[in-house]
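Structure file entry_31.pdb (PDB, C-alpha atoms) follows.
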ATOM      1  CA  ASP A 913      -5.033 -20.476 -14.176
ATOM      2  CA  ALA A 914      -7.848 -20.964 -16.689
ATOM      3  CA  GLY A 915      -6.815 -24.446 -17.706
ATOM      4  CA  VAL A 916      -6.966 -25.702 -21.268
ATOM      5  CA  ILE A 917      -9.603 -23.828 -23.256
ATOM      6  CA  GLN A 918     -11.433 -25.351 -26.195
ATOM      7  CA  SER A 919     -13.965 -23.888 -28.568
ATOM      8  CA  PRO A 920     -16.612 -24.424 -29.599
ATOM      9  CA  ARG A 921     -18.003 -26.720 -26.891
ATOM     10  CA  HIS A 922     -20.563 -28.142 -29.283
ATOM     11  CA  GLU A 923     -20.580 -28.215 -33.066
ATOM     12  CA  VAL A 924     -23.288 -29.597 -35.313
ATOM     13  CA  THR A 925     -22.582 -29.590 -39.018
ATOM     14  CA  GLU A 926     -23.608 -31.307 -42.190
ATOM     15  CA  MET A 927     -21.596 -33.871 -44.047
ATOM     16  CA  GLY A 928     -19.109 -32.278 -46.410
ATOM     17  CA  GLN A 929     -18.661 -29.092 -44.417
ATOM     18  CA  GLU A 930     -15.359 -27.931 -43.014
ATOM     19  CA  VAL A 931     -14.994 -28.038 -39.241
ATOM     20  CA  THR A 932     -12.359 -26.195 -37.219
ATOM     21  CA  LEU A 933     -11.766 -26.935 -33.557
ATOM     22  CA  ARG A 934      -9.677 -24.600 -31.442
ATOM     23  CA  CYS A 935      -7.483 -25.006 -28.406
ATOM     24  CA  LYS A 936      -5.566 -22.739 -26.077
ATOM     25  CA  PRO A 937      -3.127 -24.687 -23.892
ATOM     26  CA  ILE A 938      -2.123 -23.771 -20.373
ATOM     27  CA  SER A 939       0.393 -20.943 -20.409
ATOM     28  CA  GLY A 940       3.946 -22.235 -20.162
ATOM     29  CA  HIS A 941       3.138 -25.730 -21.366
ATOM     30  CA  ASP A 942       5.288 -26.893 -24.267
ATOM     31  CA  TYR A 943       3.360 -30.005 -25.297
ATOM     32  CA  LEU A 944      -0.078 -30.019 -26.885
ATOM     33  CA  PHE A 945      -2.159 -33.097 -27.702
ATOM     34  CA  TRP A 946      -5.329 -33.699 -29.703
ATOM     35  CA  TYR A 947      -7.480 -36.713 -28.784
ATOM     36  CA  ARG A 948     -10.712 -38.145 -30.073
ATOM     37  CA  GLN A 949     -13.135 -40.078 -27.868
ATOM     38  CA  THR A 950     -15.903 -42.345 -29.108
ATOM     39  CA  MET A 951     -17.837 -45.206 -27.592
ATOM     40  CA  MET A 952     -16.477 -47.525 -30.259
ATOM     41  CA  ARG A 953     -12.782 -46.720 -29.952
ATOM     42  CA  GLY A 954     -12.350 -45.026 -26.594
ATOM     43  CA  LEU A 955      -9.772 -42.252 -26.208
ATOM     44  CA  GLU A 956      -7.329 -42.067 -29.115
ATOM     45  CA  LEU A 957      -4.358 -39.767 -29.597
ATOM     46  CA  LEU A 958      -4.513 -38.044 -32.971
ATOM     47  CA  ILE A 959      -1.423 -35.837 -32.944
ATOM     48  CA  TYR A 960       0.872 -34.033 -30.557
ATOM     49  CA  PHE A 961       3.147 -31.008 -30.748
ATOM     50  CA  ASN A 962       6.268 -30.003 -28.856
ATOM     51  CA  ASN A 963       7.230 -26.334 -28.970
ATOM     52  CA  ASN A 964       4.688 -25.824 -31.778
ATOM     53  CA  VAL A 965       6.239 -28.562 -33.946
ATOM     54  CA  PRO A 966       4.216 -31.694 -34.790
ATOM     55  CA  ILE A 967       6.036 -34.685 -33.337
ATOM     56  CA  ASP A 968       3.732 -37.645 -33.922
ATOM     57  CA  ASP A 969       0.707 -37.556 -36.223
ATOM     58  CA  SER A 970       0.374 -41.307 -36.657
ATOM     59  CA  GLY A 971      -3.065 -41.223 -35.058
ATOM     60  CA  MET A 972      -4.563 -38.823 -37.599
ATOM     61  CA  PRO A 973      -7.174 -40.969 -39.335
ATOM     62  CA  GLU A 974      -6.772 -39.681 -42.884
ATOM     63  CA  ASP A 975      -5.934 -36.719 -45.045
ATOM     64  CA  ARG A 976      -9.219 -35.044 -44.227
ATOM     65  CA  PHE A 977      -7.754 -34.248 -40.805
ATOM     66  CA  SER A 978      -5.098 -31.607 -40.298
ATOM     67  CA  ALA A 979      -3.710 -29.814 -37.241
ATOM     68  CA  LYS A 980      -1.652 -26.694 -36.827
ATOM     69  CA  MET A 981       0.005 -24.837 -33.996
ATOM     70  CA  PRO A 982       1.016 -21.392 -35.263
ATOM     71  CA  ASN A 983       2.175 -20.245 -31.813
ATOM     72  CA  ALA A 984       2.555 -21.471 -28.263
ATOM     73  CA  SER A 985      -0.924 -20.383 -27.224
ATOM     74  CA  PHE A 986      -3.112 -21.655 -30.044
ATOM     75  CA  SER A 987      -3.800 -24.805 -32.022
ATOM     76  CA  THR A 988      -6.457 -25.893 -34.492
ATOM     77  CA  LEU A 989      -7.751 -29.251 -35.647
ATOM     78  CA  LYS A 990      -9.495 -29.111 -38.991
ATOM     79  CA  ILE A 991     -11.662 -31.688 -40.709
ATOM     80  CA  GLN A 992     -12.387 -31.103 -44.389
ATOM     81  CA  PRO A 993     -14.701 -32.507 -45.616
ATOM     82  CA  SER A 994     -16.437 -33.818 -42.514
ATOM     83  CA  GLU A 995     -18.255 -37.157 -42.464
ATOM     84  CA  PRO A 996     -20.807 -38.640 -40.037
ATOM     85  CA  ARG A 997     -18.193 -41.093 -38.734
ATOM     86  CA  ASP A 998     -16.166 -38.125 -37.476
ATOM     87  CA  SER A 999     -18.816 -37.512 -34.819
ATOM     88  CA  ALA A1000     -17.026 -37.712 -31.484
ATOM     89  CA  VAL A1001     -15.765 -35.642 -28.580
ATOM     90  CA  TYR A1002     -12.427 -34.043 -29.393
ATOM     91  CA  PHE A1003     -10.137 -33.187 -26.515
ATOM     92  CA  CYS A1004      -7.095 -30.985 -26.385
ATOM     93  CA  ALA A1005      -4.537 -31.505 -23.619
ATOM     94  CA  SER A1006      -1.271 -29.845 -22.662
ATOM     95  CA  SER A1007       1.691 -30.672 -20.483
ATOM     96  CA  ARG A1008       5.022 -29.210 -19.445
ATOM     97  CA  ARG A1009       8.388 -30.877 -19.412
ATOM     98  CA  ARG A1010      10.131 -30.355 -16.071
ATOM     99  CA  GLY A1011      13.911 -30.567 -16.205
ATOM    100  CA  GLN A1012      15.048 -34.011 -17.309
ATOM    101  CA  VAL A1013      11.717 -35.638 -16.533
ATOM    102  CA  ARG A1014      10.577 -37.110 -19.798
ATOM    103  CA  ILE A1015       6.859 -37.122 -19.357
ATOM    104  CA  ASN A1016       4.384 -35.621 -16.945
ATOM    105  CA  GLU A1017       0.676 -35.461 -16.495
ATOM    106  CA  GLN A1018      -1.438 -34.041 -19.286
ATOM    107  CA  PHE A1019      -4.157 -31.527 -18.487
ATOM    108  CA  PHE A1020      -7.277 -31.905 -20.558
ATOM    109  CA  GLY A1021      -9.717 -29.323 -21.799
ATOM    110  CA  PRO A1022     -13.497 -29.747 -21.573
ATOM    111  CA  GLY A1023     -13.741 -31.101 -25.118
ATOM    112  CA  THR A1024     -15.701 -30.238 -28.244
ATOM    113  CA  ARG A1025     -18.656 -32.471 -29.014
ATOM    114  CA  LEU A1026     -18.867 -32.747 -32.800
ATOM    115  CA  THR A1027     -21.937 -34.084 -34.554
ATOM    116  CA  VAL A1028     -21.834 -34.510 -38.314
ATOM    117  CA  LEU A1029     -25.246 -35.102 -39.848
TER
ATOM    118  CA  GLY B1192      -8.051 -56.618 -31.992
ATOM    119  CA  GLU B1193     -10.624 -53.856 -31.856
ATOM    120  CA  SER B1194     -13.750 -53.999 -29.749
ATOM    121  CA  VAL B1195     -17.024 -53.814 -31.636
ATOM    122  CA  GLY B1196     -18.435 -51.149 -29.379
ATOM    123  CA  LEU B1197     -16.859 -50.586 -26.023
ATOM    124  CA  HIS B1198     -18.608 -52.154 -23.059
ATOM    125  CA  LEU B1199     -17.226 -50.477 -19.991
ATOM    126  CA  PRO B1200     -16.654 -52.730 -17.003
ATOM    127  CA  THR B1201     -18.556 -51.387 -14.040
ATOM    128  CA  LEU B1202     -17.659 -51.400 -10.370
ATOM    129  CA  SER B1203     -20.525 -50.700  -8.001
ATOM    130  CA  VAL B1204     -19.678 -49.840  -4.399
ATOM    131  CA  GLN B1205     -21.433 -48.513  -1.338
ATOM    132  CA  GLU B1206     -20.612 -45.052  -0.106
ATOM    133  CA  GLY B1207     -17.893 -45.277   2.513
ATOM    134  CA  ASP B1208     -16.436 -48.532   1.223
ATOM    135  CA  ASN B1209     -13.016 -48.779  -0.371
ATOM    136  CA  SER B1210     -12.838 -49.169  -4.165
ATOM    137  CA  ILE B1211     -10.214 -50.993  -6.181
ATOM    138  CA  ILE B1212     -10.051 -50.408  -9.916
ATOM    139  CA  ASN B1213      -7.750 -52.622 -11.936
ATOM    140  CA  CYS B1214      -5.897 -52.137 -15.193
ATOM    141  CA  ALA B1215      -3.792 -54.529 -17.244
ATOM    142  CA  TYR B1216      -1.317 -52.690 -19.421
ATOM    143  CA  SER B1217       0.060 -53.980 -22.665
ATOM    144  CA  ASN B1218       3.732 -53.125 -22.961
ATOM    145  CA  SER B1219       6.315 -54.513 -20.552
ATOM    146  CA  ALA B1220       8.634 -51.652 -21.559
ATOM    147  CA  SER B1221       6.185 -48.996 -20.310
ATOM    148  CA  ASP B1222       7.690 -47.010 -17.489
ATOM    149  CA  TYR B1223       5.184 -44.297 -16.650
ATOM    150  CA  PHE B1224       1.541 -44.710 -15.718
ATOM    151  CA  ILE B1225      -1.306 -42.334 -14.944
ATOM    152  CA  TRP B1226      -4.804 -42.672 -13.602
ATOM    153  CA  TYR B1227      -7.443 -40.254 -14.885
ATOM    154  CA  LYS B1228     -11.005 -39.650 -13.747
ATOM    155  CA  GLN B1229     -13.628 -38.563 -16.260
ATOM    156  CA  GLU B1230     -16.988 -37.281 -15.104
ATOM    157  CA  SER B1231     -19.904 -37.122 -17.495
ATOM    158  CA  GLY B1232     -19.539 -34.269 -19.968
ATOM    159  CA  LYS B1233     -16.037 -33.338 -18.839
ATOM    160  CA  GLY B1234     -12.476 -33.974 -19.891
ATOM    161  CA  PRO B1235     -10.265 -36.511 -18.110
ATOM    162  CA  GLN B1236      -8.845 -35.199 -14.860
ATOM    163  CA  PHE B1237      -5.444 -36.272 -13.508
ATOM    164  CA  ILE B1238      -5.599 -38.272 -10.289
ATOM    165  CA  ILE B1239      -2.175 -39.776  -9.652
ATOM    166  CA  ASP B1240       0.844 -41.063 -11.537
ATOM    167  CA  ILE B1241       3.612 -43.561 -10.868
ATOM    168  CA  ARG B1242       6.934 -44.334 -12.500
ATOM    169  CA  SER B1243       8.253 -47.841 -12.945
ATOM    170  CA  ASN B1244      10.928 -47.457 -10.284
ATOM    171  CA  MET B1245       8.141 -47.474  -7.683
ATOM    172  CA  ASP B1246       5.629 -50.128  -6.611
ATOM    173  CA  LYS B1247       3.282 -47.873  -4.713
ATOM    174  CA  ARG B1248       2.367 -44.236  -4.506
ATOM    175  CA  GLN B1249      -0.161 -42.556  -2.281
ATOM    176  CA  GLY B1250      -2.193 -39.414  -2.693
ATOM    177  CA  GLN B1251      -5.143 -37.998  -0.879
ATOM    178  CA  ARG B1252      -7.548 -40.955  -0.424
ATOM    179  CA  VAL B1253      -5.991 -42.694  -3.417
ATOM    180  CA  THR B1254      -3.203 -45.239  -3.764
ATOM    181  CA  VAL B1255      -1.752 -46.619  -6.970
ATOM    182  CA  LEU B1256      -0.054 -50.012  -6.986
ATOM    183  CA  LEU B1257       2.167 -51.204  -9.805
ATOM    184  CA  ASN B1258       3.056 -54.847 -10.403
ATOM    185  CA  LYS B1259       5.481 -54.958 -13.307
ATOM    186  CA  THR B1260       5.802 -58.729 -13.174
ATOM    187  CA  VAL B1261       2.232 -59.245 -14.322
ATOM    188  CA  LYS B1262       1.807 -55.846 -15.995
ATOM    189  CA  HIS B1263      -0.931 -54.782 -13.629
ATOM    190  CA  LEU B1264      -1.899 -51.436 -12.206
ATOM    191  CA  SER B1265      -4.544 -50.717  -9.598
ATOM    192  CA  LEU B1266      -6.163 -47.628  -8.134
ATOM    193  CA  GLN B1267      -7.471 -47.807  -4.609
ATOM    194  CA  ILE B1268      -9.916 -45.179  -3.393
ATOM    195  CA  ALA B1269     -10.503 -45.030   0.336
ATOM    196  CA  ALA B1270     -13.905 -44.179   1.803
ATOM    197  CA  THR B1271     -15.556 -43.829  -1.589
ATOM    198  CA  GLN B1272     -17.891 -40.868  -1.935
ATOM    199  CA  PRO B1273     -20.721 -40.141  -4.398
ATOM    200  CA  GLY B1274     -18.469 -37.552  -6.034
ATOM    201  CA  ASP B1275     -16.090 -40.361  -6.990
ATOM    202  CA  SER B1276     -18.644 -41.724  -9.464
ATOM    203  CA  ALA B1277     -16.996 -41.468 -12.873
ATOM    204  CA  VAL B1278     -15.110 -43.416 -15.520
ATOM    205  CA  TYR B1279     -11.526 -44.146 -14.524
ATOM    206  CA  PHE B1280      -8.802 -44.624 -17.129
ATOM    207  CA  CYS B1281      -5.298 -45.902 -16.773
ATOM    208  CA  ALA B1282      -2.703 -44.755 -19.304
ATOM    209  CA  GLU B1283       0.831 -45.931 -20.027
ATOM    210  CA  ASN B1284       3.881 -44.435 -21.668
ATOM    211  CA  THR B1285       6.824 -46.246 -23.206
ATOM    212  CA  TYR B1286      10.249 -44.781 -23.834
ATOM    213  CA  TYR B1287      11.241 -45.422 -27.437
ATOM    214  CA  GLY B1288      14.197 -43.105 -27.435
ATOM    215  CA  GLY B1289      12.526 -40.704 -29.837
ATOM    216  CA  ALA B1290       8.996 -39.365 -29.710
ATOM    217  CA  THR B1291       8.151 -40.382 -26.204
ATOM    218  CA  ASN B1292       5.362 -38.212 -24.875
ATOM    219  CA  LYS B1293       2.585 -40.460 -26.099
ATOM    220  CA  LEU B1294       0.092 -41.890 -23.597
ATOM    221  CA  ILE B1295      -1.875 -45.004 -24.481
ATOM    222  CA  PHE B1296      -5.217 -45.101 -22.688
ATOM    223  CA  GLY B1297      -7.128 -48.144 -21.508
ATOM    224  CA  THR B1298     -10.825 -48.567 -22.154
ATOM    225  CA  GLY B1299     -11.884 -47.352 -18.712
ATOM    226  CA  THR B1300     -13.914 -48.599 -15.749
ATOM    227  CA  LEU B1301     -17.164 -47.050 -14.628
ATOM    228  CA  LEU B1302     -17.296 -46.562 -10.857
ATOM    229  CA  ALA B1303     -20.848 -46.264  -9.528
ATOM    230  CA  VAL B1304     -21.147 -45.225  -5.896
ATOM    231  CA  GLN B1305     -24.405 -46.180  -4.211
ATOM    232  CA  PRO B1306     -25.537 -43.883  -1.388
TER
END
As C-alpha coordinates, how would this structure be written, given the file I've shared?
Amino acid sequence: DAGVIQSPRHEVTEMGQEVTLRCKPISGHDYLFWYRQTMMRGLELLIYFNNNVPIDDSGMPEDRFSAKMPNASFSTLKIQPSEPRDSAVYFCASSRRRGQVRINEQFFGPGTRLTVL
Amino acid sequence: GESVGLHLPTLSVQEGDNSIINCAYSNSASDYFIWYKQESGKGPQFIIDIRSNMDKRQGQRVTVLLNKTVKHLSLQIAATQPGDSAVYFCAENTYYGGATNKLIFGTGTLLAVQP
(Lines of atoms letter the chains of each structure in order from A and count residues from 1; the text may use other names and numbers.)
(Lines give C-alpha, C1' and ligand atoms only; values in the text may rest on other atoms or scores of the structure.)
Protein backbone atom coordinates (compact mmCIF):
# COMPACT_ATOMS: atom_id res chain seq x y z
CA ASP A 1 0.00 0.00 0.00
CA ALA A 2 1.56 3.28 -1.13
CA GLY A 3 -0.29 5.43 1.35
CA VAL A 4 -1.68 8.85 0.51
CA ILE A 5 0.28 10.45 -2.32
CA GLN A 6 0.62 14.19 -2.73
CA SER A 7 2.28 16.25 -5.41
CA PRO A 8 4.23 18.36 -5.70
CA ARG A 9 6.16 18.03 -2.43
CA HIS A 10 7.40 21.59 -2.69
CA GLU A 11 5.99 24.52 -4.63
CA VAL A 12 7.42 28.01 -4.86
CA THR A 13 5.39 30.55 -6.78
CA GLU A 14 4.88 34.25 -7.08
CA MET A 15 1.95 36.18 -5.75
CA GLY A 16 -0.96 36.18 -8.16
CA GLN A 17 -0.14 32.85 -9.76
CA GLU A 18 -2.46 29.88 -9.75
CA VAL A 19 -1.40 26.91 -7.64
CA THR A 20 -2.78 23.38 -7.92
CA LEU A 21 -2.06 20.74 -5.31
CA ARG A 22 -2.83 17.10 -6.01
CA CYS A 23 -3.76 14.13 -3.89
CA LYS A 24 -4.30 10.44 -4.43
CA PRO A 25 -6.02 8.80 -1.45
CA ILE A 26 -5.48 5.26 -0.28
CA SER A 27 -7.36 2.83 -2.50
CA GLY A 28 -10.72 1.90 -1.01
CA HIS A 29 -10.96 4.93 1.24
CA ASP A 30 -14.19 6.88 0.85
CA TYR A 31 -13.29 10.03 2.79
CA LEU A 32 -10.74 12.61 1.70
CA PHE A 33 -9.61 15.63 3.71
CA TRP A 34 -7.55 18.72 2.92
CA TYR A 35 -5.70 20.42 5.80
CA ARG A 36 -3.44 23.42 6.08
CA GLN A 37 -0.69 23.69 8.70
CA THR A 38 1.03 26.89 9.75
CA MET A 39 2.93 27.97 12.83
CA MET A 40 0.33 30.65 13.47
CA ARG A 41 -2.81 28.54 13.23
CA GLY A 42 -1.69 24.94 13.61
CA LEU A 43 -3.48 22.21 11.67
CA GLU A 44 -6.78 23.36 10.16
CA LEU A 45 -9.32 21.37 8.18
CA LEU A 46 -10.18 23.11 4.93
CA ILE A 47 -12.66 20.74 3.31
CA TYR A 48 -13.59 17.09 3.22
CA PHE A 49 -15.28 14.78 0.73
CA ASN A 50 -17.28 11.58 1.12
CA ASN A 51 -17.64 9.41 -1.97
CA ASN A 52 -16.28 12.29 -4.07
CA VAL A 53 -18.93 14.73 -2.79
CA PRO A 54 -17.87 17.78 -0.75
CA ILE A 55 -19.45 17.49 2.69
CA ASP A 56 -18.02 20.37 4.70
CA ASP A 57 -16.09 23.27 3.18
CA SER A 58 -16.53 25.66 6.10
CA GLY A 59 -12.77 25.76 6.62
CA MET A 60 -11.98 27.06 3.13
CA PRO A 61 -10.57 30.52 3.83
CA GLU A 62 -12.06 32.40 0.89
CA ASP A 63 -13.19 32.19 -2.70
CA ARG A 64 -9.62 32.01 -3.92
CA PHE A 65 -9.56 28.42 -2.67
CA SER A 66 -11.40 25.63 -4.44
CA ALA A 67 -11.25 21.83 -4.23
CA LYS A 68 -12.50 19.10 -6.49
CA MET A 69 -12.68 15.33 -6.43
CA PRO A 70 -13.55 14.13 -9.94
CA ASN A 71 -13.15 10.46 -9.00
CA ALA A 72 -12.36 8.23 -6.05
CA SER A 73 -8.62 8.26 -6.68
CA PHE A 74 -7.86 11.93 -7.26
CA SER A 75 -8.45 15.32 -5.70
CA THR A 76 -7.11 18.81 -6.29
CA LEU A 77 -6.87 21.93 -4.16
CA LYS A 78 -6.50 25.09 -6.18
CA ILE A 79 -5.56 28.58 -5.08
CA GLN A 80 -6.18 31.37 -7.58
CA PRO A 81 -4.73 33.94 -7.21
CA SER A 82 -2.19 32.94 -4.59
CA GLU A 83 -1.01 35.34 -1.88
CA PRO A 84 2.00 35.26 0.46
CA ARG A 85 -0.28 34.49 3.42
CA ASP A 86 -1.21 31.21 1.73
CA SER A 87 2.30 29.92 2.42
CA ALA A 88 1.88 26.77 4.49
CA VAL A 89 2.12 23.00 4.38
CA TYR A 90 -0.99 21.48 2.85
CA PHE A 91 -1.88 17.94 3.82
CA CYS A 92 -4.28 15.50 2.26
CA ALA A 93 -5.67 12.65 4.35
CA SER A 94 -8.04 9.77 3.70
CA SER A 95 -10.07 7.36 5.78
CA ARG A 96 -12.50 4.50 5.34
CA ARG A 97 -15.82 4.00 7.02
CA ARG A 98 -16.09 0.50 8.48
CA GLY A 99 -19.63 -0.79 8.87
CA GLN A 100 -21.61 1.36 11.28
CA VAL A 101 -18.52 2.93 12.82
CA ARG A 102 -18.92 6.62 12.25
CA ILE A 103 -15.36 7.77 12.21
CA ASN A 104 -11.97 6.14 12.04
CA GLU A 105 -8.38 7.18 11.86
CA GLN A 106 -7.27 9.42 9.02
CA PHE A 107 -4.10 8.60 7.12
CA PHE A 108 -2.08 11.61 6.11
CA GLY A 109 0.09 12.20 3.08
CA PRO A 110 3.57 13.74 3.28
CA GLY A 111 2.26 17.23 2.53
CA THR A 112 3.02 19.95 -0.01
CA ARG A 113 5.09 22.85 1.25
CA LEU A 114 3.83 25.96 -0.54
CA THR A 115 5.78 29.20 -0.57
CA VAL A 116 4.21 32.24 -2.19
CA LEU A 117 6.67 35.06 -2.76
CA GLY B 1 -9.41 33.29 20.87
CA GLU B 2 -6.59 32.79 18.42
CA SER B 3 -2.96 32.50 19.42
CA VAL B 4 -0.64 35.14 18.02
CA GLY B 5 1.90 32.62 16.86
CA LEU B 6 1.80 29.15 18.28
CA HIS B 7 4.26 28.39 21.04
CA LEU B 8 4.40 24.64 21.35
CA PRO B 9 4.65 23.30 24.88
CA THR B 10 7.70 21.10 25.17
CA LEU B 11 8.25 17.96 27.19
CA SER B 12 11.86 16.93 27.64
CA VAL B 13 12.56 13.41 28.89
CA GLN B 14 15.52 11.10 29.26
CA GLU B 15 15.75 8.06 27.05
CA GLY B 16 14.21 5.10 28.83
CA ASP B 17 11.90 7.18 31.00
CA ASN B 18 8.14 7.16 30.62
CA SER B 19 6.50 10.18 28.96
CA ILE B 20 3.06 11.61 29.63
CA ILE B 21 1.61 14.09 27.17
CA ASN B 22 -1.59 15.85 28.14
CA CYS B 23 -4.43 17.35 26.15
CA ALA B 24 -7.48 19.30 27.24
CA TYR B 25 -10.28 19.04 24.72
CA SER B 26 -12.95 21.62 24.19
CA ASN B 27 -16.29 19.95 23.59
CA SER B 28 -17.96 17.81 26.23
CA ALA B 29 -20.03 16.19 23.46
CA SER B 30 -16.91 14.85 21.69
CA ASP B 31 -16.93 11.08 21.62
CA TYR B 32 -13.91 10.05 19.58
CA PHE B 33 -10.29 10.99 20.15
CA ILE B 34 -7.04 10.31 18.34
CA TRP B 35 -3.39 10.85 19.07
CA TYR B 36 -1.08 11.64 16.15
CA LYS B 37 2.69 11.87 15.98
CA GLN B 38 4.32 14.27 13.53
CA GLU B 39 8.02 14.06 12.81
CA SER B 40 9.82 16.96 11.19
CA GLY B 41 9.00 17.23 7.50
CA LYS B 42 6.36 14.51 7.57
CA GLY B 43 2.61 14.22 7.82
CA PRO B 44 0.87 13.29 11.07
CA GLN B 45 0.98 9.58 11.79
CA PHE B 46 -1.79 7.75 13.67
CA ILE B 47 -0.75 6.39 17.05
CA ILE B 48 -3.87 5.32 18.92
CA ASP B 49 -7.54 6.21 19.23
CA ILE B 50 -10.20 5.89 21.90
CA ARG B 51 -13.97 6.21 21.94
CA SER B 52 -15.88 7.83 24.77
CA ASN B 53 -17.27 4.54 26.06
CA MET B 54 -13.75 3.67 27.24
CA ASP B 55 -11.46 5.21 29.86
CA LYS B 56 -8.26 3.54 28.78
CA ARG B 57 -6.79 1.88 25.75
CA GLN B 58 -3.39 0.33 25.32
CA GLY B 59 -1.20 -0.16 22.30
CA GLN B 60 2.39 -1.10 21.84
CA ARG B 61 4.31 1.02 24.40
CA VAL B 62 1.50 3.58 24.40
CA THR B 63 -1.57 4.04 26.57
CA VAL B 64 -4.31 6.61 26.15
CA LEU B 65 -6.38 7.69 29.14
CA LEU B 66 -9.65 9.57 28.82
CA ASN B 67 -11.24 11.54 31.64
CA LYS B 68 -14.56 12.85 30.38
CA THR B 69 -15.38 14.55 33.66
CA VAL B 70 -12.63 17.11 33.22
CA LYS B 71 -12.34 16.81 29.43
CA HIS B 72 -8.79 15.55 29.58
CA LEU B 73 -6.86 13.13 27.44
CA SER B 74 -3.36 11.82 28.01
CA LEU B 75 -0.86 9.77 26.05
CA GLN B 76 1.63 7.69 27.98
CA ILE B 77 4.72 6.39 26.22
CA ALA B 78 6.67 3.70 28.02
CA ALA B 79 10.46 3.50 27.82
CA THR B 80 10.76 6.56 25.61
CA GLN B 81 13.22 6.23 22.75
CA PRO B 82 15.00 8.85 20.61
CA GLY B 83 12.73 7.88 17.73
CA ASP B 84 9.76 9.10 19.78
CA SER B 85 10.97 12.70 19.42
CA ALA B 86 8.22 14.51 17.53
CA VAL B 87 5.21 16.78 17.91
CA TYR B 88 2.19 14.97 19.33
CA PHE B 89 -1.34 16.12 18.55
CA CYS B 90 -4.61 15.12 20.09
CA ALA B 91 -7.76 15.43 17.97
CA GLU B 92 -11.44 15.18 18.85
CA ASN B 93 -14.61 14.45 16.94
CA THR B 94 -18.16 15.39 17.88
CA TYR B 95 -21.30 13.76 16.57
CA TYR B 96 -23.65 16.44 15.27
CA GLY B 97 -26.00 14.08 13.54
CA GLY B 98 -25.00 15.34 10.11
CA ALA B 99 -21.52 15.95 8.78
CA THR B 100 -19.60 14.14 11.44
CA ASN B 101 -16.22 13.12 10.10
CA LYS B 102 -14.48 16.31 11.14
CA LEU B 103 -11.48 16.12 13.49
CA ILE B 104 -10.49 19.17 15.50
CA PHE B 105 -6.77 19.18 16.28
CA GLY B 106 -5.05 20.60 19.33
CA THR B 107 -1.97 22.77 19.07
CA GLY B 108 0.47 19.95 19.79
CA THR B 109 3.24 19.14 22.26
CA LEU B 110 6.87 18.78 21.30
CA LEU B 111 8.47 15.71 22.88
CA ALA B 112 12.27 15.95 23.06
CA VAL B 113 14.05 12.77 24.09
CA GLN B 114 17.52 13.27 25.54
CA PRO B 115 19.96 10.39 25.01
Output of the PyMOL selection byres ((chain A and resi 924-929) around 7), listed as a list in words: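 Matching residues under the PyMOL selection byres ((chain A and resi 924-929) around 7) are His922, Glu923, Glu930, Val931, Gln992, Pro993, Ser994, Glu995, Pro996, Leu1026, Thr1027, Val1028 and Leu1029 of chain A.
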Can you work out which one of B:Gly1207, B:Gly1274, B:Pro1306, B:Gly1299 has the shortest atom-to-atom distance to chain A, counting all atoms listed in the file?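 Under the stated criterion, the closest residue is B:Gly1299.
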Of the candidates A:Arg953, A:Lys990, A:His941, A:Arg1025, which one gets nearest to Arg1008 in chain A if we count only C-alpha atoms?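 Comparing A:Arg953, A:Lys990, A:His941, A:Arg1025 against Arg1008 in chain A, the winner is A:His941.
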Would you work out the distance separating CA of Gly1232 in chain B from CA of Ile938 in chain A, expressed in Å to one decimal?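 These two atoms are separated by 20.3 Å.
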Enumerate, as a PyMOL selection string, the residues matched when the PyMOL selection byres ((chain A) within 6 of (chain B)) is run on the file above. chain A and resi 951-952+954+1015+1020-1022
Report, as JSON, the axis-aligned box around all atoms of range 941-952 of chain A present in the file, extended by 6 Å on each side; give centre and edge lengths in Å to one decimal place.
{"center_x": -6.3, "center_y": -36.6, "center_z": -25.8, "size_x": 35.1, "size_y": 33.8, "size_z": 20.9}
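Near Leu1302 in chain B, within 9 Å and counting all atoms listed in the file, sit Pro1200, Thr1201, Leu1202, Ser1203, Val1204, Ser1210, Ile1212, Asp1275, Ser1276, Ala1277, Val1278 and Tyr1279 of chain B; same-chain residues fewer than 3 positions away were not included.
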Skipping near chain neighbours, those fewer than 6 positions away, what residues fall within 6 Å of range 1270-1273 of chain B using only C-alpha atoms, listed as a PyMOL selection string? chain B and resi 1206-1209+1304
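This file, filtered with the PyMOL selection byres ((chain A and resi 932-934) around 8), gives the residues Gln918, Ser919, Pro920, Glu930, Val931, Cys935, Lys936, Phe986, Ser987, Thr988, Leu989, Lys990, Ile991 and Thr1024 of chain A.
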For Ala1005 in chain A: contacts at 8 Å, only C-alpha atoms, fewer than 5 positions along chain excluded, given as a PyMOL selection string: chain A and resi 916+937+944-947+1018-1021
If we count all atoms listed in the file, what is near Asn1244 in chain B at a cut-off of 12 Å, once residues fewer than 5 positions away on the same chain are taken out, given as a JSON list (two decimals) with C-alpha atoms, in the coordinates of the input?
[["chain", "number", "residue", "atom", "x", "y", "z"],
["B", 1221, "SER", "CA", 6.18, -49.00, -20.31],
["B", 1222, "ASP", "CA", 7.69, -47.01, -17.49],
["B", 1223, "TYR", "CA", 5.18, -44.30, -16.65],
["B", 1224, "PHE", "CA", 1.54, -44.71, -15.72],
["B", 1256, "LEU", "CA", -0.05, -50.01, -6.99],
["B", 1257, "LEU", "CA", 2.17, -51.20, -9.80],
["B", 1258, "ASN", "CA", 3.06, -54.85, -10.40],
["B", 1259, "LYS", "CA", 5.48, -54.96, -13.31]]
Taking all atoms listed in the file into account, which of B:Gln1205, B:Ser1231, B:Ser1265, B:Ser1243 comes nearest Leu1301 in chain B?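 Of B:Gln1205, B:Ser1231, B:Ser1265, B:Ser1243, the one nearest Leu1301 in chain B is B:Ser1231, counting all atoms listed in the file.
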What separation in Å, quoted to one decimal, exists between CA of Asn962 in chain A and CA of Arg1009 in chain A? 9.7 Å
Computed interatomic separation between CA of Val1253 in chain B and CA of Asn1213 in chain B (Å): 13.2 Å
